[in-house]
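What follows is the content of upload09.cif (mmCIF, C-alpha atoms).
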data_start
#
loop_
_atom_site.label_atom_id
_atom_site.label_comp_id
_atom_site.auth_asym_id
_atom_site.auth_seq_id
_atom_site.Cartn_x
_atom_site.Cartn_y
_atom_site.Cartn_z
CA MET A 1 102.45 82.34 68.27
CA GLY A 2 103.12 84.21 65.05
CA ILE A 3 104.38 82.24 62.04
CA ARG A 4 107.70 83.50 60.72
CA LEU A 5 108.28 81.07 57.83
CA LEU A 6 106.31 78.59 55.77
CA ALA A 7 108.46 75.97 54.05
CA VAL A 8 107.25 73.59 51.34
CA SER A 9 109.20 71.05 49.31
CA GLY A 10 107.98 68.67 46.63
CA TYR A 11 104.38 69.92 46.40
CA ARG A 12 103.03 70.83 42.94
CA SER A 13 105.10 73.79 41.67
CA LEU A 14 106.71 74.27 45.09
CA GLN A 15 109.90 72.34 44.48
CA ASP A 16 111.61 74.05 47.42
CA VAL A 17 110.07 77.29 48.71
CA VAL A 18 110.67 79.22 51.92
CA LEU A 19 108.04 81.93 52.38
CA PRO A 20 108.72 84.64 54.98
CA LEU A 21 105.65 85.81 56.93
CA ASP A 22 105.08 88.97 58.91
CA GLN A 23 102.20 90.51 60.84
CA LEU A 24 100.64 91.29 57.46
CA THR A 25 101.94 89.29 54.51
CA LEU A 26 100.87 90.03 50.94
CA VAL A 27 101.59 87.35 48.32
CA SER A 28 101.27 88.33 44.67
CA GLY A 29 102.43 87.05 41.30
CA VAL A 30 101.25 86.36 37.78
CA ASN A 31 98.77 83.57 37.09
CA GLY A 32 100.47 80.21 37.48
CA SER A 33 103.25 81.51 39.72
CA GLY A 34 102.21 79.29 42.63
CA LYS A 35 100.05 81.49 44.88
CA SER A 36 97.25 78.93 45.15
CA ASN A 37 99.74 76.13 45.78
CA LEU A 38 101.14 77.97 48.80
CA TYR A 39 97.61 78.48 50.08
CA ARG A 40 96.86 74.77 49.63
CA ALA A 41 100.10 73.82 51.35
CA LEU A 42 99.13 75.79 54.44
CA ARG A 43 95.76 74.05 54.44
CA LEU A 44 97.57 70.70 54.32
CA ILE A 45 99.22 71.57 57.64
CA LEU A 46 95.75 72.31 59.01
CA ALA A 47 94.59 68.92 57.67
CA ALA A 48 97.48 67.22 59.48
CA ALA A 49 96.37 68.83 62.75
CA ARG A 50 92.75 67.74 62.11
CA GLY A 51 93.74 64.20 61.23
CA ASP A 52 92.35 64.10 57.67
CA LEU A 53 95.50 64.71 55.61
CA VAL A 54 95.05 61.53 53.56
CA GLY A 55 91.50 62.53 52.62
CA VAL A 56 92.54 66.03 51.60
CA LEU A 57 95.36 64.72 49.41
CA ALA A 58 92.97 62.18 47.87
CA ARG A 59 90.58 64.98 46.90
CA GLU A 60 93.50 66.71 45.18
CA GLY A 61 94.10 63.60 43.06
CA GLY A 62 96.34 61.58 45.36
CA LEU A 63 100.03 61.81 46.10
CA PRO A 64 101.18 61.23 42.47
CA ALA A 65 99.08 64.20 41.33
CA VAL A 66 100.46 66.66 43.88
CA MET A 67 104.15 65.78 43.90
CA TRP A 68 106.68 68.03 42.17
CA ALA A 69 106.86 66.75 38.59
CA GLY A 70 110.16 68.34 37.55
CA PRO A 71 113.73 67.09 37.90
CA GLU A 72 115.19 66.55 41.35
CA ARG A 73 117.66 69.35 40.73
CA LEU A 74 117.56 72.31 38.35
CA SER A 75 121.17 72.89 37.30
CA ARG A 76 122.69 76.21 36.33
CA GLU A 77 122.88 75.01 32.73
CA MET A 78 119.16 74.21 32.71
CA ARG A 79 118.30 77.64 34.14
CA GLN A 80 120.43 79.38 31.53
CA GLY A 81 119.00 77.31 28.66
CA GLU A 82 122.34 75.64 27.88
CA ARG A 83 120.87 72.16 28.28
CA PRO A 84 117.34 70.77 28.21
CA VAL A 85 115.38 70.20 31.41
CA GLN A 86 115.64 66.50 32.11
CA GLY A 87 115.77 64.10 35.00
CA GLY A 88 118.46 61.70 36.08
CA PRO A 89 119.14 59.06 38.70
CA ARG A 90 117.51 60.26 41.92
CA GLN A 91 119.83 60.93 44.83
CA GLN A 92 117.07 61.34 47.41
CA PRO A 93 113.75 59.53 48.08
CA VAL A 94 110.58 61.12 46.69
CA ARG A 95 109.19 63.29 49.49
CA LEU A 96 106.54 65.93 50.14
CA ARG A 97 107.61 68.13 53.07
CA LEU A 98 105.70 70.85 54.89
CA GLY A 99 106.93 73.00 57.73
CA LEU A 100 106.46 76.22 59.65
CA ALA A 101 108.77 78.20 61.90
CA ALA A 102 107.12 80.01 64.78
CA ASP A 103 107.46 80.93 68.43
CA PRO A 104 107.41 79.11 70.74
CA PHE A 105 107.04 75.90 68.66
CA SER A 106 107.88 74.96 65.07
CA TYR A 107 106.72 71.98 63.05
CA ALA A 108 107.63 69.83 60.05
CA ILE A 109 106.09 66.75 58.43
CA GLU A 110 107.49 64.52 55.68
CA LEU A 111 105.35 62.27 53.46
CA GLY A 112 106.33 59.67 50.89
CA TYR A 113 105.15 56.48 49.23
CA THR A 114 104.40 53.31 51.14
CA GLN A 115 106.97 50.51 50.95
CA ASP A 116 104.37 47.84 50.13
CA PRO A 117 104.14 47.85 46.30
CA GLN A 118 101.80 44.82 46.36
CA SER A 119 99.08 46.69 48.24
CA ALA A 120 96.12 48.17 46.37
CA PHE A 121 96.84 51.29 48.42
CA ALA A 122 100.47 51.56 47.35
CA LEU A 123 99.95 55.18 46.26
CA ASP A 124 98.60 56.26 49.65
CA PRO A 125 100.94 58.71 51.41
CA ALA A 126 102.98 57.30 54.26
CA LEU A 127 104.22 59.43 57.13
CA LYS A 128 108.02 59.28 57.00
CA GLY A 129 108.77 61.75 59.78
CA GLU A 130 107.27 64.45 61.96
CA TRP A 131 108.91 66.91 64.33
CA ILE A 132 107.98 69.61 66.82
CA TRP A 133 110.80 71.70 68.24
CA ALA A 134 111.34 74.80 70.33
CA GLY A 135 112.13 78.06 68.58
CA GLY A 136 112.34 78.80 64.88
CA ARG A 137 115.44 77.21 63.34
CA PHE A 138 115.64 73.43 63.63
CA HIS A 139 118.29 71.84 65.80
CA PRO A 140 118.26 68.23 67.04
CA ARG A 141 118.70 69.37 70.64
CA ALA A 142 115.58 71.56 70.34
CA VAL A 143 113.28 68.66 69.37
CA LEU A 144 110.41 68.18 71.83
CA SER A 145 108.37 65.51 70.02
CA GLN A 146 109.00 63.42 66.93
CA SER A 147 107.96 60.30 65.06
CA ARG A 148 109.92 58.45 62.40
CA GLY A 149 109.24 55.49 60.16
CA GLN A 150 106.34 54.59 57.93
CA CYS A 151 102.91 55.05 59.50
CA ASP A 152 99.44 56.41 58.78
CA PRO A 153 99.51 60.23 58.34
CA ASP A 154 96.13 60.42 60.02
CA ARG A 155 97.74 59.01 63.17
CA SER A 156 100.33 61.75 63.42
CA LEU A 157 101.74 63.41 66.53
CA PHE A 158 98.64 65.57 66.68
CA GLN A 159 96.36 62.54 67.02
CA SER A 160 98.53 60.21 69.12
CA GLY A 161 100.32 62.64 71.38
CA ALA A 162 98.03 65.58 72.12
CA ASP A 163 97.67 64.92 75.88
CA PRO A 164 98.05 68.39 77.43
CA GLN A 165 99.70 66.87 80.52
CA GLN A 166 102.14 64.50 78.83
CA GLN A 167 102.99 66.54 75.71
CA PRO A 168 101.88 70.14 76.24
CA GLU A 169 103.81 71.34 73.17
CA VAL A 170 101.83 69.01 70.87
CA HIS A 171 98.53 70.05 72.42
CA ALA A 172 99.36 73.78 72.27
CA LEU A 173 100.53 73.66 68.65
CA ARG A 174 97.52 71.61 67.54
CA GLU A 175 95.08 74.03 69.18
CA GLU A 176 96.89 76.97 67.57
CA ILE A 177 96.73 75.47 64.07
CA LEU A 178 93.10 74.39 64.43
CA ALA A 179 92.22 78.01 65.26
CA TRP A 180 93.50 79.28 61.89
CA ARG A 181 90.75 80.70 59.71
CA PHE A 182 90.59 80.67 55.89
CA TYR A 183 88.23 82.73 53.72
CA ASP A 184 88.34 82.04 50.01
CA SER A 185 84.98 80.86 48.75
CA PHE A 186 82.15 83.16 49.82
CA ARG A 187 79.17 82.41 47.60
CA THR A 188 77.09 85.36 46.47
CA ASP A 189 74.64 83.69 44.06
CA SER A 190 70.88 83.84 44.71
CA ALA A 191 70.99 80.62 46.75
CA ALA A 192 74.09 81.59 48.76
CA PRO A 193 73.88 80.72 52.48
CA ALA A 194 74.67 84.35 53.37
CA ARG A 195 71.47 85.52 51.64
CA GLN A 196 69.19 83.24 53.65
CA PRO A 197 67.48 84.13 56.95
CA ARG A 198 68.41 81.70 59.71
CA VAL A 199 67.68 80.97 63.34
CA GLY A 200 70.41 82.88 65.08
CA THR A 201 72.81 81.85 67.84
CA ARG A 202 75.66 83.90 69.23
CA CYS A 203 78.50 83.78 66.70
CA PHE A 204 82.01 85.00 67.50
CA ALA A 205 83.52 83.92 64.16
CA LEU A 206 81.93 84.01 60.71
CA ALA A 207 81.65 80.58 59.10
CA GLY A 208 83.61 79.85 55.95
CA ASP A 209 80.46 79.89 53.80
CA GLY A 210 79.06 83.03 55.48
CA GLY A 211 75.81 81.26 56.36
CA ASP A 212 75.71 82.74 59.86
CA LEU A 213 76.21 86.32 58.62
CA PRO A 214 73.20 87.92 60.43
CA ALA A 215 74.13 86.26 63.74
CA ALA A 216 77.79 87.29 63.29
CA VAL A 217 76.76 90.91 62.69
CA GLN A 218 74.49 90.94 65.74
CA THR A 219 77.25 89.43 67.87
CA ILE A 220 79.64 92.19 66.82
CA LEU A 221 77.03 94.86 67.52
CA GLU A 222 76.39 93.45 71.02
CA SER A 223 79.74 91.99 72.05
CA GLY A 224 82.39 93.43 69.75
CA ASP A 225 83.43 96.63 68.02
CA GLY A 226 80.01 97.55 66.65
CA LYS A 227 81.02 101.18 66.15
CA GLY A 228 84.09 100.13 64.13
CA LEU A 229 81.99 97.76 62.03
CA GLN A 230 79.53 100.52 61.12
CA GLU A 231 82.38 102.91 60.32
CA ALA A 232 83.97 100.31 58.02
CA ILE A 233 80.68 99.80 56.17
CA ALA A 234 80.27 103.58 55.82
CA ASP A 235 83.86 103.86 54.57
CA ALA A 236 82.95 101.62 51.63
CA PHE A 237 79.32 102.69 51.22
CA PRO A 238 78.93 106.29 52.46
CA GLY A 239 75.91 106.81 54.70
CA CYS A 240 75.12 103.08 54.99
CA ARG A 241 74.83 100.97 58.13
CA LEU A 242 73.88 97.42 59.09
CA SER A 243 71.15 96.12 61.35
CA VAL A 244 69.64 92.73 62.12
CA SER A 245 65.96 91.91 62.58
CA THR A 246 65.33 89.02 64.95
CA ASP A 247 61.59 88.28 64.69
CA ALA A 248 60.73 84.92 66.33
CA GLY A 249 64.44 84.14 66.60
CA VAL A 250 64.95 84.20 62.82
CA PHE A 251 67.78 86.59 61.98
CA ARG A 252 67.73 88.73 58.83
CA LEU A 253 70.49 91.10 57.77
CA ASN A 254 69.51 94.64 56.71
CA LEU A 255 71.56 97.27 54.93
CA HIS A 256 70.27 100.82 55.39
CA GLN A 257 71.04 103.18 52.51
CA PRO A 258 70.45 106.95 52.27
CA GLY A 259 67.36 107.81 50.24
CA LEU A 260 65.61 104.45 50.62
CA LEU A 261 62.45 104.18 52.74
CA ARG A 262 63.27 100.65 53.89
CA PRO A 263 66.48 98.69 54.36
CA LEU A 264 67.59 96.09 51.85
CA GLU A 265 67.80 92.48 53.00
CA ALA A 266 70.77 90.27 52.14
CA SER A 267 68.77 88.62 49.36
CA GLU A 268 68.52 92.00 47.59
CA LEU A 269 72.18 93.03 47.76
CA SER A 270 74.44 92.96 44.72
CA ASP A 271 77.12 90.27 44.64
CA GLY A 272 79.90 92.79 45.27
CA THR A 273 78.11 94.49 48.14
CA LEU A 274 77.34 91.19 49.84
CA ARG A 275 80.92 89.98 49.42
CA TYR A 276 82.29 93.18 50.93
CA VAL A 277 79.92 92.91 53.90
CA LEU A 278 81.07 89.31 54.43
CA LEU A 279 84.73 90.33 54.41
CA THR A 280 84.05 93.21 56.79
CA VAL A 281 82.24 90.98 59.26
CA ALA A 282 84.99 88.33 59.04
CA LEU A 283 87.66 90.92 59.83
CA PHE A 284 85.68 92.39 62.74
CA SER A 285 85.20 89.07 64.49
CA PRO A 286 85.27 89.60 68.29
CA ARG A 287 87.55 86.55 68.51
CA LEU A 288 90.08 86.82 65.73
CA PRO A 289 92.14 83.68 65.05
CA PRO A 290 95.92 83.59 65.47
CA LEU A 291 96.19 83.48 61.66
CA LEU A 292 93.63 84.84 59.21
CA VAL A 293 94.10 83.91 55.53
CA LEU A 294 92.31 85.72 52.70
CA ASN A 295 92.62 84.22 49.22
CA GLU A 296 91.95 86.82 46.51
CA PRO A 297 89.45 88.84 48.58
CA GLU A 298 89.09 91.37 45.76
CA SER A 299 87.19 88.93 43.52
CA SER A 300 83.93 90.46 42.18
CA LEU A 301 84.54 93.76 44.00
CA HIS A 302 84.30 97.13 42.24
CA PRO A 303 87.70 98.89 42.04
CA ASP A 304 86.33 101.69 44.27
CA LEU A 305 86.02 99.17 47.11
CA LEU A 306 89.68 98.11 47.06
CA PRO A 307 91.16 101.09 49.00
CA PRO A 308 88.66 100.69 51.88
CA LEU A 309 89.28 96.93 51.77
CA ALA A 310 93.01 97.57 52.21
CA ARG A 311 92.30 99.82 55.19
CA LEU A 312 90.05 97.12 56.63
CA ILE A 313 92.75 94.45 56.26
CA GLY A 314 95.38 96.73 57.74
CA SER A 315 93.19 97.37 60.76
CA ALA A 316 92.71 93.61 61.30
CA ALA A 317 96.49 93.08 61.04
CA ASP A 318 96.93 95.37 64.04
CA ARG A 319 95.10 92.71 66.07
CA THR A 320 96.21 89.40 64.54
CA GLN A 321 98.46 87.90 61.86
CA VAL A 322 96.98 88.20 58.37
CA TRP A 323 98.05 86.58 55.10
CA VAL A 324 96.54 87.92 51.86
CA ILE A 325 96.88 86.43 48.38
CA ALA A 326 95.94 89.09 45.83
CA HIS A 327 96.08 89.76 42.10
CA ALA A 328 94.40 93.18 41.71
CA PRO A 329 97.07 95.91 41.29
CA ALA A 330 94.99 98.48 43.19
CA LEU A 331 94.72 96.25 46.26
CA ILE A 332 98.35 95.16 46.00
CA ASP A 333 99.56 98.77 45.86
CA ALA A 334 97.34 99.83 48.76
CA LEU A 335 98.44 96.95 51.01
CA ALA A 336 102.12 97.16 50.04
CA GLY A 337 102.07 100.80 51.12
CA LEU A 338 101.23 99.86 54.72
CA ALA A 339 104.18 99.96 57.12
CA ILE A 340 103.35 96.56 58.65
CA CYS A 341 103.05 94.77 55.30
CA ARG A 342 105.64 92.38 53.89
CA HIS A 343 105.10 92.04 50.14
CA VAL A 344 106.27 88.70 48.72
CA GLN A 345 106.24 88.38 44.94
CA LEU A 346 106.28 84.94 43.34
CA GLU A 347 107.68 84.00 39.96
CA ARG A 348 107.99 80.78 37.95
CA GLU A 349 111.30 79.42 36.71
CA LEU A 350 111.23 76.24 34.58
CA GLY A 351 107.98 75.24 36.26
CA ALA A 352 109.19 75.85 39.81
CA THR A 353 107.87 78.61 42.08
CA ARG A 354 110.47 81.07 43.35
CA VAL A 355 110.31 84.04 45.73
CA HIS A 356 111.44 87.04 43.70
CA GLY A 357 114.73 88.51 44.89
CA GLN A 358 115.18 86.01 47.73
CA THR A 359 118.81 85.49 48.71
CA THR A 360 120.54 82.27 49.73
CA LEU A 361 120.89 83.70 53.25
CA GLU A 362 117.13 84.30 53.46
CA ARG A 363 116.41 80.78 52.24
CA GLY A 364 118.87 79.49 54.81
CA ALA A 365 116.66 80.77 57.64
CA TRP A 366 114.82 77.43 57.32
CA ARG A 367 116.47 74.06 57.85
CA TRP A 368 114.67 70.75 57.28
CA PRO A 369 115.01 68.15 60.06
#
Produce structure tokens that represent the structure in this file.
Amino acid sequence: MGIRLLAVSGYRSLQDVVLPLDQLTLVSGVNGSGKSNLYRALRLILAAARGDLVGVLAREGGLPAVMWAGPERLSREMRQGERPVQGGPRQQPVRLRLGLAADPFSYAIELGYTQDPQSAFALDPALKGEWIWAGGRFHPRAVLSQSRGQCDPDRSLFQSGADPQQQPEVHALREEILAWRFYDSFRTDSAAPARQPRVGTRCFALAGDGGDLPAAVQTILESGDGKGLQEAIADAFPGCRLSVSTDAGVFRLNLHQPGLLRPLEASELSDGTLRYVLLTVALFSPRLPPLLVLNEPESSLHPDLLPPLARLIGSAADRTQVWVIAHAPALIDALAGLAICRHVQLERELGATRVHGQTTLERGAWRWP
């Protein structure tokens, strides 16, 4: 089930954004253009599927901290500087809306404030509506499951209606979303989990912190594309290869380099080398997720590693849907040159994130329930 569109309204700088997605989607833009907000918005949909949306929003500062802070409508005069940016009487309730268009099922959720101002939890988000429908563009006759009215977001459709017999569409969509994988915070300091030896168990997907790196490498070598993994390492570091020592069940990662009489363990690798190995192993997972999201994967990498990283990402996109948020021009140029890549550039207009060059017709591909 590939995602075709991500729609966000009322979240941080995302006043009303429709992001088109392809097999490989590259999102770029200057600092502050809204790249991280789009990434967070996608993770909010994952939180809704997990049932911890309220907790995630609380860690971001609560609903008041994440809601769009600008006027309800940016007029033509405001955009052209003919009148100051200012608010007015609201025509619509304050809402945070998230949605995705995909095949065979699409999804949208709408959050707002509770209607009990006397409660100490009056700022908690309330679930105002939730919909799952068939196909991409919303139509009332395509709705398969829905809930309306104020209720706890952590008791959404995904928690109350995920019986695979009674509501197979809810169960299928929830399982799909829960399988998404995000990589954005690999630690490479001296105490990083990826540098530590660990008792190994078979690992078909690298953990988000990279702590099971040796086991993930050994799993690829035994049960995945071990040859492709070694070729990708050699593409970035000519003549190098990976191996794993498994003495007494404790797994240690080794990098063999030409000219050295012994391999280097993970604890001895430079930050950039370790990060690149982590990215390579993540992208060579024997069980790739339906959506793989990389947030600024070029961080701390030497510029010489960016062309092989682009080739690595392009190869993964042949096998699953990949979304990359990048800021390094060398990586952006290399990825944008791939035939399967859709390059989306973000810009900021009066505090609101916009997709550069997007037409009204393209924005109209999404319709809120």
Exercise for the section: Rank nothing, just name the residue among A:Leu306, A:Leu346, A:Cys203, A:Ala336 nearest to A:Ala282, using all atoms listed in the file. Expected result: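 Ranking A:Leu306, A:Leu346, A:Cys203, A:Ala336 by distance to A:Ala282, first place goes to A:Cys203.
The coordinates place atom CA of A:Val17 at 26.6 Å from atom CA of A:Ala330.
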Exercise for the section: Kindly resolve the PyMOL selection byres ((chain A and resi 264-280) around 9) on the present coordinates and return the residues as a PyMOL selection string. Expected result: chain A and resi 183+186-192+194-197+206+210+213-214+229+232-233+236-237+252-257+260+262-263+281-285+297-302+305+309+312-313
Handout entry: Length of the atom CA of A:Thr353 to atom CA of A:Ala179 vector [Å]
Key =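 Answer for the atom CA of A:Thr353 to atom CA of A:Ala179 separation: 28.0 Å.
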Practice task
Have a look at A:Tyr107, A:Ala58, A:Asn295, A:Leu350 and name the one nearest to A:Ala326; count all atoms listed in the file.
Solution key: A:Asn295
Exercise for the section: Find the residues around A:Ser9 up to 8 Å (all atoms listed in the file counted), leave out those fewer than 4 positions away in its own chain, and share them as an MDAnalysis selection string. Expected result: chainID A and resid 14:17 95:98
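Among the candidates A:Val244, A:Val344, A:Leu6, A:Leu26, the one nearest to A:Ala108 when counting all atoms listed in the file is A:Leu6.
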Exercise for the section: Using all atoms listed in the file, pick whichever of A:Val355, A:Phe105, A:Ile325, A:Pro125 has the shortest atom-to-atom distance to A:Val56. Expected result: A:Pro125
Practice task
Output the residue selection produced by the PyMOL selection byres ((chain A and resi 230) around 10) on the file above, formatted as an MDAnalysis selection string.
Solution key: chainID A and resid 221 225:229 231:235 239:243 280
Problem - Selection near A:Ala47, 9 Å with all atoms listed in the file, sequence-local residues under 5 positions removed, as an NGL selection string - result: :A and (42 or 52-56 or 154 or 178)
Handout entry: Distance of atom CA of A:Ala7 from atom CA of A:Leu19, expressed in Å to one decimal place
Key =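 Interatomic distance here is 6.2 Å.
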Practice task
Would you translate the PyMOL selection byres ((chain A and resi 171) around 12) into the concrete set of residues it matches in this file, as a ChimeraX atom specification?
Solution key: /A:49,105,132,145,157-170,172-178
Serialized selection, C-alpha atoms, as a PDB file, in the coordinates of the input:
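Output file out.pdb follows:
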ATOM      1  CA  ALA A  49      96.370  68.830  62.750  1.00  0.00           C
ATOM      2  CA  PHE A 105     107.040  75.900  68.660  1.00  0.00           C
ATOM      3  CA  ILE A 132     107.980  69.610  66.820  1.00  0.00           C
ATOM      4  CA  SER A 145     108.370  65.510  70.020  1.00  0.00           C
ATOM      5  CA  LEU A 157     101.740  63.410  66.530  1.00  0.00           C
ATOM      6  CA  PHE A 158      98.640  65.570  66.680  1.00  0.00           C
ATOM      7  CA  GLN A 159      96.360  62.540  67.020  1.00  0.00           C
ATOM      8  CA  SER A 160      98.530  60.210  69.120  1.00  0.00           C
ATOM      9  CA  GLY A 161     100.320  62.640  71.380  1.00  0.00           C
ATOM     10  CA  ALA A 162      98.030  65.580  72.120  1.00  0.00           C
ATOM     11  CA  ASP A 163      97.670  64.920  75.880  1.00  0.00           C
ATOM     12  CA  PRO A 164      98.050  68.390  77.430  1.00  0.00           C
ATOM     13  CA  GLN A 165      99.700  66.870  80.520  1.00  0.00           C
ATOM     14  CA  GLN A 166     102.140  64.500  78.830  1.00  0.00           C
ATOM     15  CA  GLN A 167     102.990  66.540  75.710  1.00  0.00           C
ATOM     16  CA  PRO A 168     101.880  70.140  76.240  1.00  0.00           C
ATOM     17  CA  GLU A 169     103.810  71.340  73.170  1.00  0.00           C
ATOM     18  CA  VAL A 170     101.830  69.010  70.870  1.00  0.00           C
ATOM     19  CA  ALA A 172      99.360  73.780  72.270  1.00  0.00           C
ATOM     20  CA  LEU A 173     100.530  73.660  68.650  1.00  0.00           C
ATOM     21  CA  ARG A 174      97.520  71.610  67.540  1.00  0.00           C
ATOM     22  CA  GLU A 175      95.080  74.030  69.180  1.00  0.00           C
ATOM     23  CA  GLU A 176      96.890  76.970  67.570  1.00  0.00           C
ATOM     24  CA  ILE A 177      96.730  75.470  64.070  1.00  0.00           C
ATOM     25  CA  LEU A 178      93.100  74.390  64.430  1.00  0.00           C
TER      26      LEU A 178
END
Handout entry: Contacts of A:Ser36 within 12 Å, all atoms listed in the file, excl. fewer than 3 positions in-chain, as a PyMOL selection string
Key = chain A and resi 11-14+27-33+39-43+184+293-296+324-327+346+353
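With distances restricted to all atoms listed in the file, A:Pro286 is the closest residue to A:Ala205 from A:Pro307, A:Pro286, A:Pro193, A:Pro140.
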Handout entry: Nearest residue to A:Leu288 from the set A:Ser245, A:Thr320, A:Ser147, A:Thr201 (distances using all atoms listed in the file)
Key = A:Thr320
Exercise for the section: Tell me, as a count of residues only, which residues lie within 12 Å of A:Pro64, counting all atoms listed in the file; anything in the same chain fewer than 3 positions away does not count. Expected result: 20
